[in-house]
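Okay, my_file_29.pdb is below, PDB, C-alpha atoms, pLDDT in the B column:
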```
ATOM      1  CA  ILE E  68      73.713 -41.842  -3.371  1.00 73.00           C
ATOM      2  CA  TYR E  69      74.137 -40.102  -0.043  1.00 79.00           C
ATOM      3  CA  LEU E  70      75.450 -37.009  -1.846  1.00 85.00           C
ATOM      4  CA  THR E  71      72.384 -37.054  -4.110  1.00 84.00           C
ATOM      5  CA  TYR E  72      70.152 -37.355  -1.063  1.00 85.00           C
ATOM      6  CA  THR E  73      71.915 -34.425   0.623  1.00 89.00           C
ATOM      7  CA  LEU E  74      71.627 -32.214  -2.467  1.00 90.00           C
ATOM      8  CA  LEU E  75      67.949 -33.047  -2.932  1.00 88.00           C
ATOM      9  CA  ASP E  76      67.274 -32.465   0.750  1.00 90.00           C
ATOM     10  CA  VAL E  77      68.941 -29.032   0.674  1.00 93.00           C
ATOM     11  CA  ILE E  78      67.022 -28.088  -2.482  1.00 91.00           C
ATOM     12  CA  VAL E  79      63.688 -29.214  -1.050  1.00 91.00           C
ATOM     13  CA  ASP E  80      64.392 -27.474   2.256  1.00 92.00           C
ATOM     14  CA  SER E  81      65.115 -24.249   0.351  1.00 92.00           C
ATOM     15  CA  TYR E  82      61.554 -24.364  -1.022  1.00 92.00           C
ATOM     16  CA  ALA E  83      60.020 -23.846   2.438  1.00 92.00           C
ATOM     17  CA  PRO E  84      60.880 -20.105   2.710  1.00 94.00           C
ATOM     18  CA  ILE E  85      59.532 -19.568  -0.810  1.00 94.00           C
ATOM     19  CA  ILE E  86      56.254 -21.202   0.198  1.00 94.00           C
ATOM     20  CA  ALA E  87      56.156 -19.003   3.306  1.00 95.00           C
ATOM     21  CA  GLU E  88      56.617 -15.887   1.140  1.00 94.00           C
ATOM     22  CA  PHE E  89      53.785 -16.989  -1.137  1.00 94.00           C
ATOM     23  CA  GLU E  90      51.558 -17.590   1.890  1.00 95.00           C
ATOM     24  CA  GLN E  91      52.404 -14.143   3.236  1.00 95.00           C
ATOM     25  CA  ALA E  92      51.708 -12.527  -0.150  1.00 92.00           C
ATOM     26  CA  LEU E  93      48.381 -14.333  -0.394  1.00 93.00           C
ATOM     27  CA  ALA E  94      47.407 -13.271   3.143  1.00 93.00           C
ATOM     28  CA  LEU E  95      48.348  -9.663   2.396  1.00 91.00           C
ATOM     29  CA  THR E  96      46.365  -9.731  -0.831  1.00 90.00           C
ATOM     30  CA  ARG E  97      43.368 -11.215   0.997  1.00 90.00           C
ATOM     31  CA  GLU E  98      43.585  -8.463   3.638  1.00 89.00           C
ATOM     32  CA  LYS E  99      43.752  -5.738   0.968  1.00 87.00           C
ATOM     33  CA  LEU E 100      40.799  -7.264  -0.837  1.00 85.00           C
ATOM     34  CA  ARG E 101      38.704  -7.346   2.339  1.00 84.00           C
ATOM     35  CA  LYS E 102      39.573  -3.697   3.055  1.00 83.00           C
ATOM     36  CA  GLN E 103      38.680  -2.817  -0.517  1.00 77.00           C
ATOM     37  CA  ALA E 104      35.345  -4.607  -0.157  1.00 73.00           C
ATOM     38  CA  ASN E 105      34.460  -2.433   2.840  1.00 72.00           C
ATOM     39  CA  LYS E 106      35.029   0.830   0.973  1.00 68.00           C
ATOM     40  CA  ASP E 107      32.096   2.529  -0.700  1.00 52.00           C
ATOM     41  CA  PHE E 108      33.851   3.031  -4.018  1.00 47.00           C
ATOM     42  CA  LEU E 109      36.977   1.677  -5.618  1.00 48.00           C
ATOM     43  CA  GLN E 110      39.952   3.892  -5.006  1.00 53.00           C
ATOM     44  CA  ARG E 111      43.019   3.674  -7.151  1.00 51.00           C
ATOM     45  CA  GLY E 112      46.364   2.829  -5.670  1.00 50.00           C
ATOM     46  CA  ASP E 113      45.900   0.688  -2.579  1.00 58.00           C
ATOM     47  CA  GLY E 114      43.363  -1.837  -3.873  1.00 68.00           C
ATOM     48  CA  VAL E 115      43.824  -5.280  -5.357  1.00 75.00           C
ATOM     49  CA  SER E 116      43.955  -5.414  -9.122  1.00 80.00           C
ATOM     50  CA  PRO E 117      43.105  -8.454 -11.246  1.00 80.00           C
ATOM     51  CA  SER E 118      46.609  -8.292 -12.725  1.00 85.00           C
ATOM     52  CA  ALA E 119      48.175  -8.679  -9.248  1.00 85.00           C
ATOM     53  CA  LEU E 120      46.129 -11.821  -8.669  1.00 88.00           C
ATOM     54  CA  HIS E 121      47.025 -13.085 -12.128  1.00 89.00           C
ATOM     55  CA  ASP E 122      50.730 -12.425 -11.487  1.00 90.00           C
ATOM     56  CA  LEU E 123      50.568 -14.332  -8.200  1.00 90.00           C
ATOM     57  CA  MET E 124      48.924 -17.263  -9.989  1.00 92.00           C
ATOM     58  CA  GLN E 125      51.599 -17.194 -12.710  1.00 93.00           C
ATOM     59  CA  GLU E 126      54.403 -17.181 -10.125  1.00 93.00           C
ATOM     60  CA  LEU E 127      52.837 -20.151  -8.349  1.00 93.00           C
ATOM     61  CA  SER E 128      52.520 -22.050 -11.625  1.00 93.00           C
ATOM     62  CA  SER E 129      56.125 -21.273 -12.473  1.00 92.00           C
ATOM     63  CA  PHE E 130      57.278 -22.452  -9.055  1.00 93.00           C
ATOM     64  CA  LYS E 131      55.214 -25.618  -9.455  1.00 92.00           C
ATOM     65  CA  ARG E 132      57.074 -26.354 -12.691  1.00 91.00           C
ATOM     66  CA  TRP E 133      60.318 -26.251 -10.693  1.00 88.00           C
ATOM     67  CA  VAL E 134      59.017 -28.795  -8.175  1.00 88.00           C
ATOM     68  CA  VAL E 135      57.751 -31.439 -10.629  1.00 89.00           C
ATOM     69  CA  PRO E 136      61.199 -32.528 -11.947  1.00 87.00           C
ATOM     70  CA  GLY E 137      62.352 -33.114  -8.378  1.00 87.00           C
ATOM     71  CA  GLN E 138      59.431 -35.461  -7.843  1.00 87.00           C
ATOM     72  CA  ARG E 139      60.369 -37.386 -10.989  1.00 89.00           C
ATOM     73  CA  VAL E 140      64.008 -37.707  -9.925  1.00 87.00           C
ATOM     74  CA  LEU E 141      63.001 -39.002  -6.499  1.00 87.00           C
ATOM     75  CA  ARG E 142      60.519 -41.438  -7.970  1.00 88.00           C
ATOM     76  CA  HIS E 143      63.183 -42.866 -10.313  1.00 87.00           C
ATOM     77  CA  LEU E 144      65.726 -43.130  -7.493  1.00 86.00           C
ATOM     78  CA  LEU E 145      63.228 -44.938  -5.278  1.00 86.00           C
ATOM     79  CA  GLU E 146      62.374 -47.378  -8.067  1.00 87.00           C
ATOM     80  CA  ASP E 147      66.023 -48.024  -8.923  1.00 84.00           C
ATOM     81  CA  ASP E 148      67.379 -51.339  -7.619  1.00 82.00           C
ATOM     82  CA  LEU E 149      70.912 -49.957  -7.345  1.00 81.00           C
ATOM     83  CA  VAL E 150      69.901 -47.685  -4.471  1.00 79.00           C
ATOM     84  CA  GLN E 151      70.422 -49.353  -1.121  1.00 84.00           C
ATOM     85  CA  PRO E 152      67.305 -49.869   1.037  1.00 84.00           C
ATOM     86  CA  ASP E 153      68.681 -47.836   3.944  1.00 84.00           C
ATOM     87  CA  CYS E 154      69.176 -44.844   1.580  1.00 84.00           C
ATOM     88  CA  LYS E 155      65.621 -45.212   0.273  1.00 86.00           C
ATOM     89  CA  ILE E 156      64.356 -44.319   3.749  1.00 88.00           C
ATOM     90  CA  TYR E 157      66.055 -40.918   3.491  1.00 88.00           C
ATOM     91  CA  LEU E 158      64.912 -40.452  -0.095  1.00 89.00           C
ATOM     92  CA  ARG E 159      61.311 -41.199   0.943  1.00 90.00           C
ATOM     93  CA  ASP E 160      61.635 -38.494   3.592  1.00 91.00           C
ATOM     94  CA  VAL E 161      62.729 -36.017   0.911  1.00 91.00           C
ATOM     95  CA  GLN E 162      59.899 -37.211  -1.326  1.00 92.00           C
ATOM     96  CA  ASP E 163      57.383 -36.672   1.483  1.00 93.00           C
ATOM     97  CA  ASN E 164      58.690 -33.133   1.999  1.00 93.00           C
ATOM     98  CA  LEU E 165      58.501 -32.458  -1.725  1.00 93.00           C
ATOM     99  CA  ASN E 166      54.958 -33.844  -1.896  1.00 93.00           C
ATOM    100  CA  GLN E 167      54.019 -31.569   1.009  1.00 94.00           C
ATOM    101  CA  ILE E 168      55.434 -28.573  -0.862  1.00 94.00           C
ATOM    102  CA  PHE E 169      53.537 -29.632  -3.981  1.00 93.00           C
ATOM    103  CA  ASP E 170      50.325 -29.828  -1.921  1.00 94.00           C
ATOM    104  CA  ASP E 171      51.073 -26.396  -0.443  1.00 95.00           C
ATOM    105  CA  ILE E 172      51.469 -24.968  -3.942  1.00 94.00           C
ATOM    106  CA  ASN E 173      48.139 -26.487  -4.987  1.00 95.00           C
ATOM    107  CA  SER E 174      46.515 -25.039  -1.875  1.00 95.00           C
ATOM    108  CA  LEU E 175      47.971 -21.598  -2.617  1.00 95.00           C
ATOM    109  CA  GLN E 176      46.716 -21.793  -6.189  1.00 95.00           C
ATOM    110  CA  GLU E 177      43.234 -22.648  -4.937  1.00 95.00           C
ATOM    111  CA  GLY E 178      43.417 -19.724  -2.508  1.00 93.00           C
ATOM    112  CA  THR E 179      44.429 -17.403  -5.344  1.00 93.00           C
ATOM    113  CA  ARG E 180      41.555 -18.657  -7.499  1.00 93.00           C
ATOM    114  CA  ALA E 181      39.167 -18.035  -4.610  1.00 93.00           C
ATOM    115  CA  LEU E 182      40.535 -14.483  -4.231  1.00 92.00           C
ATOM    116  CA  LYS E 183      40.098 -13.867  -7.956  1.00 91.00           C
ATOM    117  CA  GLU E 184      36.472 -14.975  -7.676  1.00 92.00           C
ATOM    118  CA  GLU E 185      35.937 -12.854  -4.563  1.00 89.00           C
ATOM    119  CA  HIS E 186      37.463  -9.851  -6.349  1.00 89.00           C
ATOM    120  CA  ARG E 187      35.101 -10.363  -9.285  1.00 89.00           C
ATOM    121  CA  GLN E 188      32.120 -10.611  -6.936  1.00 89.00           C
ATOM    122  CA  ILE E 189      33.135  -7.380  -5.162  1.00 86.00           C
ATOM    123  CA  LEU E 190      33.389  -5.577  -8.492  1.00 85.00           C
ATOM    124  CA  ASP E 191      30.003  -6.979  -9.564  1.00 90.00           C
ATOM    125  CA  LEU E 192      28.435  -5.859  -6.292  1.00 86.00           C
ATOM    126  CA  LYS E 193      29.843  -2.344  -6.626  1.00 85.00           C
ATOM    127  CA  MET E 194      28.695  -2.179 -10.247  1.00 90.00           C
ATOM    128  CA  THR E 195      25.211  -3.261  -9.212  1.00 90.00           C
ATOM    129  CA  SER E 196      25.150  -0.615  -6.489  1.00 84.00           C
ATOM    130  CA  THR E 197      26.210   2.068  -8.980  1.00 86.00           C
ATOM    131  CA  MET E 198      23.589   0.961 -11.489  1.00 91.00           C
ATOM    132  CA  ASN E 199      20.961   1.001  -8.733  1.00 87.00           C
ATOM    133  CA  GLY E 200      21.817   4.620  -7.900  1.00 85.00           C
ATOM    134  CA  LEU E 201      21.755   5.674 -11.538  1.00 89.00           C
ATOM    135  CA  THR E 202      18.392   3.950 -12.038  1.00 89.00           C
ATOM    136  CA  ILE E 203      16.896   5.753  -9.051  1.00 87.00           C
ATOM    137  CA  VAL E 204      18.098   9.135 -10.334  1.00 87.00           C
ATOM    138  CA  ALA E 205      16.785   8.428 -13.845  1.00 89.00           C
ATOM    139  CA  THR E 206      13.444   7.253 -12.439  1.00 87.00           C
ATOM    140  CA  ALA E 207      13.148  10.372 -10.294  1.00 85.00           C
ATOM    141  CA  PHE E 208      13.477  12.629 -13.350  1.00 87.00           C
ATOM    142  CA  LEU E 209      11.143  10.564 -15.542  1.00 89.00           C
ATOM    143  CA  PRO E 210       7.838  12.257 -14.491  1.00 86.00           C
ATOM    144  CA  GLY E 211       9.326  15.701 -15.082  1.00 86.00           C
ATOM    145  CA  GLN E 212      10.591  14.659 -18.497  1.00 88.00           C
ATOM    146  CA  PHE E 213       7.168  13.292 -19.396  1.00 88.00           C
ATOM    147  CA  LEU E 214       5.430  16.516 -18.341  1.00 83.00           C
ATOM    148  CA  THR E 215       8.001  18.609 -20.182  1.00 84.00           C
ATOM    149  CA  GLY E 216       7.329  16.579 -23.306  1.00 85.00           C
ATOM    150  CA  VAL E 217       3.578  17.007 -22.985  1.00 80.00           C
ATOM    151  CA  PHE E 218       3.704  20.743 -22.296  1.00 76.00           C
ATOM    152  CA  GLY E 219       6.342  21.286 -24.951  1.00 78.00           C
ATOM    153  CA  MET E 220       4.177  20.089 -27.854  1.00 76.00           C
ATOM    154  CA  ASN E 221       3.046  23.647 -28.701  1.00 72.00           C
ATOM    155  CA  PHE E 222      -0.513  22.783 -29.681  1.00 72.00           C
ATOM    156  CA  GLU E 223      -2.935  25.698 -29.856  1.00 73.00           C
ATOM    157  CA  ASP E 224      -5.726  23.838 -28.030  1.00 74.00           C
ATOM    158  CA  MET E 225      -3.839  23.148 -24.791  1.00 74.00           C
ATOM    159  CA  PRO E 226      -5.531  25.289 -22.152  1.00 73.00           C
ATOM    160  CA  GLU E 227      -2.826  24.513 -19.578  1.00 71.00           C
ATOM    161  CA  LEU E 228      -0.276  26.464 -21.608  1.00 71.00           C
ATOM    162  CA  HIS E 229      -2.183  29.723 -21.382  1.00 74.00           C
ATOM    163  CA  TRP E 230      -3.653  29.090 -17.962  1.00 78.00           C
ATOM    164  CA  ARG E 231      -2.363  31.301 -15.184  1.00 83.00           C
ATOM    165  CA  TYR E 232      -1.566  28.355 -12.866  1.00 84.00           C
ATOM    166  CA  GLY E 233      -0.055  26.051 -15.559  1.00 79.00           C
ATOM    167  CA  TYR E 234       3.555  26.647 -14.488  1.00 81.00           C
ATOM    168  CA  PRO E 235       2.903  26.125 -10.755  1.00 86.00           C
ATOM    169  CA  LEU E 236       0.802  23.050 -11.658  1.00 84.00           C
ATOM    170  CA  PHE E 237       3.782  21.619 -13.580  1.00 83.00           C
ATOM    171  CA  TRP E 238       6.117  22.065 -10.609  1.00 87.00           C
ATOM    172  CA  GLY E 239       3.496  20.813  -8.159  1.00 91.00           C
ATOM    173  CA  ILE E 240       3.048  17.596 -10.123  1.00 88.00           C
ATOM    174  CA  CYS E 241       6.840  17.155 -10.398  1.00 87.00           C
ATOM    175  CA  ILE E 242       7.415  17.690  -6.684  1.00 91.00           C
ATOM    176  CA  ILE E 243       4.536  15.412  -5.683  1.00 93.00           C
ATOM    177  CA  SER E 244       5.788  12.680  -8.038  1.00 90.00           C
ATOM    178  CA  TRP E 245       9.306  13.024  -6.561  1.00 89.00           C
ATOM    179  CA  ILE E 246       7.915  12.718  -3.036  1.00 91.00           C
ATOM    180  CA  VAL E 247       5.868   9.659  -4.023  1.00 91.00           C
ATOM    181  CA  LEU E 248       8.874   8.036  -5.729  1.00 87.00           C
ATOM    182  CA  PHE E 249      11.159   8.874  -2.803  1.00 88.00           C
ATOM    183  CA  SER E 250       8.646   7.339  -0.370  1.00 89.00           C
ATOM    184  CA  PHE E 251       8.304   4.269  -2.571  1.00 88.00           C
ATOM    185  CA  PHE E 252      12.084   3.798  -2.864  1.00 84.00           C
ATOM    186  CA  ARG E 253      12.505   4.344   0.874  1.00 86.00           C
ATOM    187  CA  SER E 254       9.783   1.783   1.704  1.00 88.00           C
ATOM    188  CA  ARG E 255      11.512  -0.805  -0.513  1.00 83.00           C
ATOM    189  CA  ASN E 256      14.940  -0.014   1.017  1.00 81.00           C
ATOM    190  CA  TYR E 257      16.355   1.042  -2.356  1.00 76.00           C
ATOM    191  CA  ILE E 258      17.768   4.180  -0.782  1.00 76.00           C
TER     192      ILE E 258
END
```

I need this file expressed as structure tokens, please.
Amino acid sequence: IYLTYTLLDVIVDSYAPIIAEFEQALALTREKLRKQANKDFLQRGDGVSPSALHDLMQELSSFKRWVVPGQRVLRHLLEDDLVQPDCKIYLRDVQDNLNQIFDDINSLQEGTRALKEEHRQILDLKMTSTMNGLTIVATAFLPGQFLTGVFGMNFEDMPELHWRYGYPLFWGICIISWIVLFSFFRSRNYI
């Protein structure tokens, strides 16, 4: 039984550096995501991709599947009457370490889920910002498009078409409407 304890202890102790690597990878990913959130636009190459977060989650799940059989083996050994009580103390120590590693894996998975959600929120925010800019540009050109449609109807009884100041009137109305819209957007902090 002591040999079994020693093997299990070495195996469980070898999980600690793996957990540390996962923690480091998660911290690095979190740092990249925060840097990406501070940029105005997404730039390819150095940002965090959803597939990287998914891969990290898959690796954690795979590692978790390696830990579960060890928990079962320890539970069966601790329940077995053939194992001497003084050996059960050591086996409980290994079980505690393995439970701690299992809890660390669960914590890392929760952290990865939180990063995935944060990544989605950053993308949604940037999409909203882009849509806001496009809406402002489209709204700014709307009065000019309306006037172009009205003056482009080619009716004979439209005095503005043959009037000497019709063209300057068109541009005057467009410029005034742009100034009014710009002032309105500025007062509402849209731009």

- request: Would you list the contacts of Leu209 of chain E as a count of residues only, taking every protein, DNA or RNA residue within 10 Å and counting all atoms listed in the file, but skipping same-chain residues closer than 5 positions in sequence?
  value: 7

message: Please report the interatomic distance between atom CA of Val115 of chain E and atom CA of Thr179 of chain E in Å with one decimal.
response: 12.1 Å

Residues in the PyMOL selection byres ((chain E and resi 185-188) around 12), expressed as a ChimeraX atom specification: /E:96-104,109,114-121,178-184,189-195

query: Which of these residues is nearest to Thr197 of chain E, using all atoms listed in the file: E:Gln176, E:Glu146, E:Asn166, E:Ile258?
result: E:Ile258

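A straight line drawn from atom CA of Pro136 of chain E to atom CA of Pro84 of chain E is 19.2 Å long.
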
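Taking atom CA of Val79 of chain E as the reference point, atom CA of Leu165 of chain E is found at 6.2 Å.
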
task: Convert the output of the PyMOL selection byres ((chain E and resi 169-174) around 12) on the shown file into explicit residues, formatted as a PyMOL selection string.
output: chain E and resi 79+82-83+85-90+93+123-138+162-168+175-181

message: From the options E:Phe252, E:Tyr72, E:Phe237, E:Trp230, which residue's atoms come nearest to Gly216 of chain E, counting only C-alpha atoms?
response: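 Looking at the shortest contact to Gly216 of chain E, the residue is E:Phe237.
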
- request: Would you mind telling me which residue in E:His229, E:Lys155, E:Arg139, E:Arg255 lies nearest to Tyr69 of chain E when using only C-alpha atoms?
  value: E:Lys155

query: Using all atoms listed in the file, which residue out of E:Phe249, E:Leu149, E:Met225, E:Ile240 lies closest to Phe213 of chain E?
result: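 Checking each of E:Phe249, E:Leu149, E:Met225, E:Ile240 against Phe213 of chain E, counting all atoms listed in the file, the winner is E:Ile240.
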
- request: On this file, the PyMOL selection byres ((chain E and resi 158) around 8) gives some set of residues; write that set as a list in words.
  value: Tyr72, Leu141, Leu144, Leu145, Cys154, Lys155, Ile156, Tyr157, Arg159, Asp160, Val161 and Gln162 of chain E
